[in-house]
file coords_39.csv (CSV, N, CA, C and O atoms)
chain,number,residue,atom,x,y,z
Y,25,MET,N,95.7,69.0,124.7
Y,25,MET,CA,96.9,69.7,124.7
Y,25,MET,C,97.9,69.2,125.7
Y,25,MET,O,97.5,69.0,126.9
Y,26,ILE,N,99.1,69.0,125.3
Y,26,ILE,CA,100.2,68.5,126.3
Y,26,ILE,C,100.9,69.8,126.8
Y,26,ILE,O,101.3,70.6,126.0
Y,27,GLU,N,101.1,69.8,128.1
Y,27,GLU,CA,101.9,70.8,128.7
Y,27,GLU,C,103.1,70.2,129.4
Y,27,GLU,O,103.0,69.3,130.2
Y,28,VAL,N,104.3,70.7,129.1
Y,28,VAL,CA,105.5,70.3,129.7
Y,28,VAL,C,106.0,71.4,130.6
Y,28,VAL,O,106.2,72.5,130.1
Y,29,VAL,N,106.3,71.1,131.9
Y,29,VAL,CA,106.8,72.1,132.8
Y,29,VAL,C,108.1,71.6,133.3
Y,29,VAL,O,108.2,70.5,133.8
Y,30,THR,N,109.1,72.5,133.2
Y,30,THR,CA,110.5,72.1,133.8
Y,30,THR,C,110.8,73.2,134.8
Y,30,THR,O,110.7,74.4,134.5
Y,31,GLU,N,111.3,72.8,135.9
Y,31,GLU,CA,111.8,73.7,136.9
Y,31,GLU,C,113.2,73.4,137.2
Y,31,GLU,O,113.6,72.3,137.4
Y,32,ILE,N,114.0,74.5,137.3
Y,32,ILE,CA,115.5,74.3,137.6
Y,32,ILE,C,115.8,75.3,138.7
Y,32,ILE,O,115.5,76.5,138.6
Y,33,THR,N,116.4,74.9,139.7
Y,33,THR,CA,116.9,75.8,140.8
Y,33,THR,C,118.4,76.1,140.5
Y,33,THR,O,119.2,75.2,140.3
Y,34,ILE,N,118.6,77.4,140.4
Y,34,ILE,CA,120.0,77.9,140.1
Y,34,ILE,C,120.4,78.8,141.3
Y,34,ILE,O,119.7,79.7,141.7
Y,35,HIS,N,121.5,78.4,141.9
Y,35,HIS,CA,122.0,79.2,143.0
Y,35,HIS,C,122.9,80.3,142.5
Y,35,HIS,O,124.1,80.3,142.6
Y,36,ALA,N,122.2,81.4,142.0
Y,36,ALA,CA,122.9,82.5,141.5
Y,36,ALA,C,121.9,83.7,141.4
Y,36,ALA,O,120.7,83.5,141.4
Y,37,PRO,N,122.4,84.9,141.4
Y,37,PRO,CA,121.5,86.1,141.4
Y,37,PRO,C,120.7,86.1,140.1
Y,37,PRO,O,121.3,85.7,139.0
Y,38,ILE,N,119.5,86.5,140.1
Y,38,ILE,CA,118.6,86.5,138.9
Y,38,ILE,C,119.3,87.4,137.8
Y,38,ILE,O,119.1,87.0,136.6
Y,39,GLU,N,119.9,88.5,138.2
Y,39,GLU,CA,120.6,89.3,137.1
Y,39,GLU,C,121.6,88.5,136.3
Y,39,GLU,O,121.7,88.7,135.1
Y,40,ARG,N,122.4,87.7,137.0
Y,40,ARG,CA,123.4,86.9,136.3
Y,40,ARG,C,122.8,85.9,135.4
Y,40,ARG,O,123.2,85.8,134.2
Y,41,CYS,N,121.8,85.2,135.9
Y,41,CYS,CA,121.1,84.3,135.0
Y,41,CYS,C,120.5,84.9,133.8
Y,41,CYS,O,120.6,84.4,132.7
Y,42,PHE,N,119.8,86.1,134.0
Y,42,PHE,CA,119.2,86.8,132.9
Y,42,PHE,C,120.3,87.2,131.9
Y,42,PHE,O,120.1,87.1,130.7
Y,43,ASP,N,121.4,87.7,132.3
Y,43,ASP,CA,122.4,88.2,131.4
Y,43,ASP,C,123.0,87.0,130.7
Y,43,ASP,O,123.3,87.1,129.5
Y,44,TYR,N,123.2,85.9,131.3
Y,44,TYR,CA,123.7,84.7,130.6
Y,44,TYR,C,122.7,84.2,129.5
Y,44,TYR,O,123.1,83.8,128.5
Y,45,ALA,N,121.4,84.3,129.8
Y,45,ALA,CA,120.4,83.8,128.9
Y,45,ALA,C,120.4,84.6,127.6
Y,45,ALA,O,120.0,84.1,126.6
Y,46,ARG,N,120.9,85.9,127.6
Y,46,ARG,CA,120.8,86.7,126.4
Y,46,ARG,C,122.2,87.0,125.9
Y,46,ARG,O,122.4,87.9,125.1
Y,47,ASP,N,123.2,86.2,126.3
Y,47,ASP,CA,124.6,86.3,125.8
Y,47,ASP,C,124.8,85.5,124.6
Y,47,ASP,O,124.8,84.3,124.6
Y,48,ILE,N,125.1,86.1,123.5
Y,48,ILE,CA,125.3,85.5,122.2
Y,48,ILE,C,126.5,84.5,122.3
Y,48,ILE,O,126.5,83.4,121.7
Y,49,ASP,N,127.6,84.9,122.9
Y,49,ASP,CA,128.8,84.1,123.0
Y,49,ASP,C,128.6,82.8,123.8
Y,49,ASP,O,129.0,81.7,123.3
Y,50,ILE,N,127.8,82.9,124.9
Y,50,ILE,CA,127.5,81.7,125.6
Y,50,ILE,C,126.6,80.8,124.8
Y,50,ILE,O,126.8,79.6,124.8
Y,51,HIS,N,125.7,81.4,124.1
Y,51,HIS,CA,124.8,80.6,123.3
Y,51,HIS,C,125.5,79.8,122.2
Y,51,HIS,O,125.3,78.6,122.1
Y,52,THR,N,126.4,80.4,121.5
Y,52,THR,CA,127.1,79.8,120.4
Y,52,THR,C,128.1,78.7,120.9
Y,52,THR,O,128.4,77.8,120.2
Y,53,ARG,N,128.6,78.9,122.2
Y,53,ARG,CA,129.5,77.9,122.7
Y,53,ARG,C,128.8,76.7,123.3
Y,53,ARG,O,129.4,75.6,123.5
Y,54,THR,N,127.5,76.8,123.6
Y,54,THR,CA,126.8,75.7,124.2
Y,54,THR,C,125.8,75.0,123.4
Y,54,THR,O,125.2,74.0,123.9
Y,55,VAL,N,125.6,75.4,122.1
Y,55,VAL,CA,124.7,74.6,121.3
Y,55,VAL,C,125.4,73.4,120.7
Y,55,VAL,O,126.6,73.2,120.8
Y,56,TRP,N,124.6,72.4,120.2
Y,56,TRP,CA,125.1,71.2,119.6
Y,56,TRP,C,126.2,71.5,118.6
Y,56,TRP,O,125.9,72.4,117.7
Y,57,LYS,N,127.3,70.9,118.6
Y,57,LYS,CA,128.4,71.2,117.7
Y,57,LYS,C,128.1,70.9,116.3
Y,57,LYS,O,128.5,71.5,115.3
Y,58,HIS,N,127.3,69.8,116.1
Y,58,HIS,CA,127.0,69.4,114.7
Y,58,HIS,C,126.1,70.4,113.9
Y,58,HIS,O,126.1,70.4,112.7
Y,59,THR,N,125.5,71.4,114.6
Y,59,THR,CA,124.7,72.4,113.9
Y,59,THR,C,125.6,73.5,113.3
Y,59,THR,O,125.2,74.3,112.4
Y,60,ARG,N,126.9,73.6,113.8
Y,60,ARG,CA,127.8,74.7,113.4
Y,60,ARG,C,127.1,76.1,113.5
Y,60,ARG,O,127.3,76.9,112.6
Y,61,GLU,N,126.4,76.3,114.5
Y,61,GLU,CA,125.6,77.5,114.7
Y,61,GLU,C,126.6,78.7,115.0
Y,61,GLU,O,127.5,78.6,115.7
Y,62,GLN,N,126.3,79.8,114.3
Y,62,GLN,CA,127.1,81.0,114.5
Y,62,GLN,C,126.2,82.2,114.3
Y,62,GLN,O,125.3,82.2,113.5
Y,63,ALA,N,126.5,83.3,115.0
Y,63,ALA,CA,125.8,84.6,114.8
Y,63,ALA,C,126.5,85.3,113.6
Y,63,ALA,O,127.7,85.5,113.6
Y,64,VAL,N,125.7,85.7,112.6
Y,64,VAL,CA,126.3,86.2,111.4
Y,64,VAL,C,125.8,87.7,111.1
Y,64,VAL,O,126.4,88.3,110.2
Y,65,ALA,N,124.8,88.2,111.8
Y,65,ALA,CA,124.4,89.6,111.6
Y,65,ALA,C,123.7,90.1,112.8
Y,65,ALA,O,123.3,89.3,113.7
Y,66,GLY,N,123.5,91.4,112.9
Y,66,GLY,CA,123.0,92.0,114.0
Y,66,GLY,C,124.0,92.0,115.2
Y,66,GLY,O,125.2,92.2,115.0
Y,67,VAL,N,123.5,91.7,116.4
Y,67,VAL,CA,124.4,91.6,117.5
Y,67,VAL,C,125.0,90.2,117.4
Y,67,VAL,O,124.3,89.2,117.5
Y,68,THR,N,126.3,90.1,117.2
Y,68,THR,CA,127.0,88.8,116.9
Y,68,THR,C,127.9,88.4,118.1
Y,68,THR,O,128.4,87.3,118.1
Y,69,THR,N,128.0,89.3,119.1
Y,69,THR,CA,128.8,89.0,120.3
Y,69,THR,C,128.3,89.8,121.4
Y,69,THR,O,127.7,90.9,121.2
Y,70,GLY,N,128.5,89.3,122.6
Y,70,GLY,CA,128.0,90.0,123.8
Y,70,GLY,C,126.5,89.8,124.0
Y,70,GLY,O,125.9,88.8,123.6
Y,71,ARG,N,125.9,90.7,124.8
Y,71,ARG,CA,124.5,90.5,125.2
Y,71,ARG,C,123.6,91.3,124.3
Y,71,ARG,O,123.8,92.4,123.9
Y,72,ILE,N,122.5,90.6,124.0
Y,72,ILE,CA,121.4,91.2,123.2
Y,72,ILE,C,120.5,91.9,124.1
Y,72,ILE,O,120.3,91.5,125.2
Y,73,GLY,N,119.9,93.0,123.6
Y,73,GLY,CA,119.1,93.8,124.5
Y,73,GLY,C,117.8,94.3,123.8
Y,73,GLY,O,117.5,93.9,122.6
Y,74,GLU,N,117.1,95.1,124.4
Y,74,GLU,CA,115.8,95.6,123.9
Y,74,GLU,C,115.9,96.1,122.5
Y,74,GLU,O,116.7,97.0,122.2
Y,75,GLY,N,115.1,95.6,121.6
Y,75,GLY,CA,115.0,96.1,120.2
Y,75,GLY,C,116.1,95.5,119.3
Y,75,GLY,O,116.1,95.7,118.1
Y,76,ASP,N,117.1,94.8,119.9
Y,76,ASP,CA,118.2,94.3,119.1
Y,76,ASP,C,117.7,93.1,118.3
Y,76,ASP,O,116.8,92.4,118.6
Y,77,THR,N,118.5,92.8,117.3
Y,77,THR,CA,118.3,91.6,116.5
Y,77,THR,C,119.6,90.8,116.4
Y,77,THR,O,120.7,91.4,116.5
Y,78,VAL,N,119.5,89.5,116.1
Y,78,VAL,CA,120.6,88.6,115.8
Y,78,VAL,C,120.2,87.7,114.8
Y,78,VAL,O,119.0,87.2,114.8
Y,79,THR,N,121.0,87.4,113.8
Y,79,THR,CA,120.8,86.3,112.8
Y,79,THR,C,121.8,85.2,113.1
Y,79,THR,O,123.0,85.4,113.1
Y,80,PHE,N,121.2,84.0,113.3
Y,80,PHE,CA,122.0,82.8,113.4
Y,80,PHE,C,122.0,82.0,112.2
Y,80,PHE,O,120.9,81.9,111.5
Y,81,GLU,N,123.1,81.4,111.8
Y,81,GLU,CA,123.2,80.5,110.7
Y,81,GLU,C,123.5,79.1,111.3
Y,81,GLU,O,124.4,79.0,112.1
Y,82,ALA,N,122.8,78.1,110.9
Y,82,ALA,CA,123.0,76.8,111.5
Y,82,ALA,C,122.5,75.7,110.5
Y,82,ALA,O,121.7,76.0,109.7
Y,83,SER,N,122.9,74.5,110.8
Y,83,SER,CA,122.4,73.3,110.0
Y,83,SER,C,121.4,72.6,110.9
Y,83,SER,O,121.8,72.1,112.0
Y,84,HIS,N,120.2,72.4,110.4
Y,84,HIS,CA,119.2,71.6,111.1
Y,84,HIS,C,118.6,70.7,110.1
Y,84,HIS,O,118.2,71.1,109.0
Y,85,PHE,N,118.6,69.4,110.5
Y,85,PHE,CA,118.0,68.3,109.6
Y,85,PHE,C,118.8,68.3,108.2
Y,85,PHE,O,118.2,68.1,107.2
Y,86,GLY,N,120.1,68.7,108.3
Y,86,GLY,CA,120.9,68.6,107.1
Y,86,GLY,C,120.7,69.8,106.2
Y,86,GLY,O,121.3,69.8,105.1
Y,87,ILE,N,120.0,70.8,106.6
Y,87,ILE,CA,119.8,72.0,105.8
Y,87,ILE,C,120.4,73.2,106.5
Y,87,ILE,O,120.1,73.5,107.6
Y,88,ARG,N,121.3,73.9,105.7
Y,88,ARG,CA,121.9,75.2,106.3
Y,88,ARG,C,120.8,76.3,106.2
Y,88,ARG,O,120.3,76.5,105.1
Y,89,GLN,N,120.5,76.9,107.3
Y,89,GLN,CA,119.5,78.0,107.2
Y,89,GLN,C,119.9,79.1,108.2
Y,89,GLN,O,120.7,79.0,109.0
Y,90,LYS,N,119.2,80.2,108.0
Y,90,LYS,CA,119.4,81.4,108.8
Y,90,LYS,C,118.1,81.7,109.5
Y,90,LYS,O,117.0,81.7,108.9
Y,91,LEU,N,118.2,82.1,110.8
Y,91,LEU,CA,117.0,82.5,111.5
Y,91,LEU,C,117.3,83.8,112.2
Y,91,LEU,O,118.4,84.0,112.8
Y,92,THR,N,116.5,84.8,112.1
Y,92,THR,CA,116.7,86.1,112.8
Y,92,THR,C,115.7,86.2,114.0
Y,92,THR,O,114.5,85.9,113.9
Y,93,SER,N,116.3,86.7,115.1
Y,93,SER,CA,115.5,86.9,116.3
Y,93,SER,C,115.6,88.4,116.7
Y,93,SER,O,116.6,89.0,116.6
Y,94,ARG,N,114.4,88.9,117.1
Y,94,ARG,CA,114.4,90.3,117.5
Y,94,ARG,C,113.8,90.3,118.9
Y,94,ARG,O,112.8,89.6,119.2
Y,95,ILE,N,114.4,91.1,119.8
Y,95,ILE,CA,113.9,91.2,121.2
Y,95,ILE,C,112.7,92.1,121.2
Y,95,ILE,O,112.9,93.3,121.0
Y,96,ALA,N,111.5,91.6,121.3
Y,96,ALA,CA,110.3,92.3,121.2
Y,96,ALA,C,109.8,92.9,122.5
Y,96,ALA,O,109.2,93.9,122.6
Y,97,GLU,N,110.1,92.2,123.6
Y,97,GLU,CA,109.8,92.7,125.0
Y,97,GLU,C,111.0,92.5,125.9
Y,97,GLU,O,111.7,91.5,125.8
Y,98,TYR,N,111.2,93.4,126.8
Y,98,TYR,CA,112.4,93.4,127.6
Y,98,TYR,C,112.1,94.1,128.9
Y,98,TYR,O,111.7,95.2,129.0
Y,99,ASN,N,112.3,93.4,130.0
Y,99,ASN,CA,112.2,93.9,131.4
Y,99,ASN,C,113.2,93.2,132.3
Y,99,ASN,O,112.9,92.2,132.9
Y,100,ARG,N,114.4,93.7,132.2
Y,100,ARG,CA,115.5,93.1,133.0
Y,100,ARG,C,115.3,93.3,134.5
Y,100,ARG,O,114.9,94.3,134.9
Y,101,PRO,N,115.5,92.3,135.3
Y,101,PRO,CA,116.0,90.9,135.0
Y,101,PRO,C,114.9,89.8,134.9
Y,101,PRO,O,115.2,88.7,135.2
Y,102,TYR,N,113.7,90.2,134.6
Y,102,TYR,CA,112.6,89.2,134.7
Y,102,TYR,C,112.1,88.6,133.4
Y,102,TYR,O,111.6,87.5,133.3
Y,103,LEU,N,112.2,89.4,132.2
Y,103,LEU,CA,111.6,88.9,131.0
Y,103,LEU,C,112.3,89.5,129.8
Y,103,LEU,O,112.7,90.6,129.8
Y,104,PHE,N,112.5,88.6,128.8
Y,104,PHE,CA,112.7,89.1,127.4
Y,104,PHE,C,112.0,88.1,126.5
Y,104,PHE,O,111.9,86.9,126.8
Y,105,VAL,N,111.4,88.6,125.5
Y,105,VAL,CA,110.6,87.8,124.5
Y,105,VAL,C,111.3,88.1,123.2
Y,105,VAL,O,111.5,89.2,122.8
Y,106,ASP,N,111.7,87.0,122.6
Y,106,ASP,CA,112.3,87.1,121.2
Y,106,ASP,C,111.4,86.5,120.2
Y,106,ASP,O,110.7,85.5,120.5
Y,107,ARG,N,111.3,87.2,119.1
Y,107,ARG,CA,110.4,86.7,118.0
Y,107,ARG,C,111.3,86.3,116.9
Y,107,ARG,O,112.2,87.1,116.5
Y,108,TRP,N,111.1,85.1,116.4
Y,108,TRP,CA,112.0,84.5,115.3
Y,108,TRP,C,111.3,84.6,114.0
Y,108,TRP,O,110.1,84.5,113.9
Y,109,ARG,N,112.1,84.7,113.0
Y,109,ARG,CA,111.6,84.5,111.6
Y,109,ARG,C,112.8,83.9,110.8
Y,109,ARG,O,113.9,84.2,111.0
Y,110,LYS,N,112.4,83.1,109.9
Y,110,LYS,CA,113.3,82.4,109.0
Y,110,LYS,C,113.7,83.4,107.9
Y,110,LYS,O,112.9,84.0,107.3
Y,111,VAL,N,115.0,83.5,107.6
Y,111,VAL,CA,115.5,84.3,106.5
Y,111,VAL,C,115.5,83.4,105.3
Y,111,VAL,O,116.3,82.4,105.2
Y,112,LEU,N,114.8,83.8,104.3
Y,112,LEU,CA,114.7,83.0,103.0
Y,112,LEU,C,115.9,83.4,102.2
Y,112,LEU,O,116.2,84.6,102.0
Y,113,SER,N,116.6,82.4,101.6
Y,113,SER,CA,117.7,82.7,100.7
Y,113,SER,C,117.2,82.7,99.3
Y,113,SER,O,116.2,82.0,98.9
Y,114,ARG,N,117.8,83.5,98.5
Y,114,ARG,CA,117.4,83.6,97.1
Y,114,ARG,C,118.4,82.7,96.3
Y,114,ARG,O,119.6,82.8,96.5
Y,115,ALA,N,117.8,82.0,95.3
Y,115,ALA,CA,118.6,81.1,94.5
Y,115,ALA,C,119.3,81.9,93.4
Y,115,ALA,O,118.9,82.9,93.0

call {"tool": "encode", "arguments": {"input": "coords_39.csv", "output": "structure tokens"}}
result
Amino acid sequence: MIEVVTEITIHAPIERCFDYARDIDIHTRTVWKHTREQAVAGVTTGRIGEGDTVTFEASHFGIRQKLTSRIAEYNRPYLFVDRWRKVLSRA
């Protein structure tokens, strides 16, 4: 098994970093432009929190798709766990 570890030192309060990490607006402004990612359902602006969901629509590998994320665990400012599922479209 390969393990990749990345460490980043940020000179800011942990609360600010935590809040930025769960901010939908910051996320959509900082992803790759070619994916045209946008929040289309659930929490679509501002900060996502415990129990919240967000559905993102984006193009990956030339395929437009939707992915929904739900915050399954939340302990501000130390932890949030999001669980993803692909939203299947009907033809």

call {"tool": "select_by_dssp", "arguments": {"input": "coords_39.csv", "residues": "chain Y", "states": "helix (DSSP H, G or I)", "output": "PyMOL selection string"}}
result
chain Y and resi 38-45+48-54+57-59

call {"tool": "closest_atom_pairs", "arguments": {"input": "coords_39.csv", "of": "segment 56-91 of chain Y", "to": "segment 39-47 of chain Y", "cutoff": "5 Å", "atoms": "all atoms listed in the file", "output": "Markdown table"}}
result
| residue | atom | partner | partner_atom | distance |
| --- | --- | --- | --- | --- |
| Y:Gly70 | O | Y:Asp47 | CA | 3.6 |
| Y:Arg71 | CA | Y:Arg46 | O | 3.3 |
| Y:Ile72 | N | Y:Arg46 | O | 2.9 |

call {"tool": "closest_atom_pairs", "arguments": {"input": "coords_39.csv", "of": "segment 77-97 of chain Y", "to": "segment 53-59 of chain Y", "cutoff": "6 Å", "atoms": "all atoms listed in the file", "output": "JSON lines"}}
result
{"residue": "Y:Glu81", "atom": "O", "partner": "Y:Thr59", "partner_atom": "O", "distance": 4.8}
{"residue": "Y:Ala82", "atom": "CA", "partner": "Y:Thr59", "partner_atom": "O", "distance": 3.4}
{"residue": "Y:Ser83", "atom": "N", "partner": "Y:Thr59", "partner_atom": "O", "distance": 2.8}
{"residue": "Y:His84", "atom": "N", "partner": "Y:Thr59", "partner_atom": "CA", "distance": 5.7}

call {"tool": "closest_residue", "arguments": {"input": "coords_39.csv", "among": "Y:Glu74, Y:Lys110, Y:Ile50, Y:Gly66", "to": "Glu97 of chain Y", "atoms": "only N, CA, C and O atoms"}}
result
Y:Glu74

call {"tool": "select_by_dssp", "arguments": {"input": "coords_39.csv", "residues": "segment 45-75 of chain Y", "states": "strand (DSSP E or B)", "output": "ChimeraX atom specification"}}
result
/Y:47,62-66,71

call {"tool": "closest_residue", "arguments": {"input": "coords_39.csv", "among": "Y:Gln62, Y:Arg109, Y:Phe104, Y:Thr77", "to": "Thr92 of chain Y", "atoms": "only N, CA, C and O atoms"}}
result
Y:Arg109

call {"tool": "atom_distance", "arguments": {"input": "coords_39.csv", "atom1": "atom CA of Thr30 of chain Y", "atom2": "atom CA of Lys90 of chain Y"}}
result
28.1 Å

call {"tool": "closest_residue", "arguments": {"input": "coords_39.csv", "among": "Y:Val78, Y:Ile87, Y:Ile34, Y:Ala63", "to": "Arg107 of chain Y", "atoms": "only N, CA, C and O atoms"}}
result
Y:Val78

call {"tool": "closest_residue", "arguments": {"input": "coords_39.csv", "among": "Y:Ile48, Y:Ile32, Y:Ile38, Y:Ile95", "to": "Glu61 of chain Y", "atoms": "only C-alpha atoms"}}
result
Y:Ile48

call {"tool": "atom_distance", "arguments": {"input": "coords_39.csv", "atom1": "atom C of Pro37 of chain Y", "atom2": "atom CA of Val67 of chain Y"}}
result
23.6 Å

call {"tool": "atom_distance", "arguments": {"input": "coords_39.csv", "atom1": "atom CA of Glu31 of chain Y", "atom2": "atom CA of Ala96 of chain Y"}}
result
24.4 Å
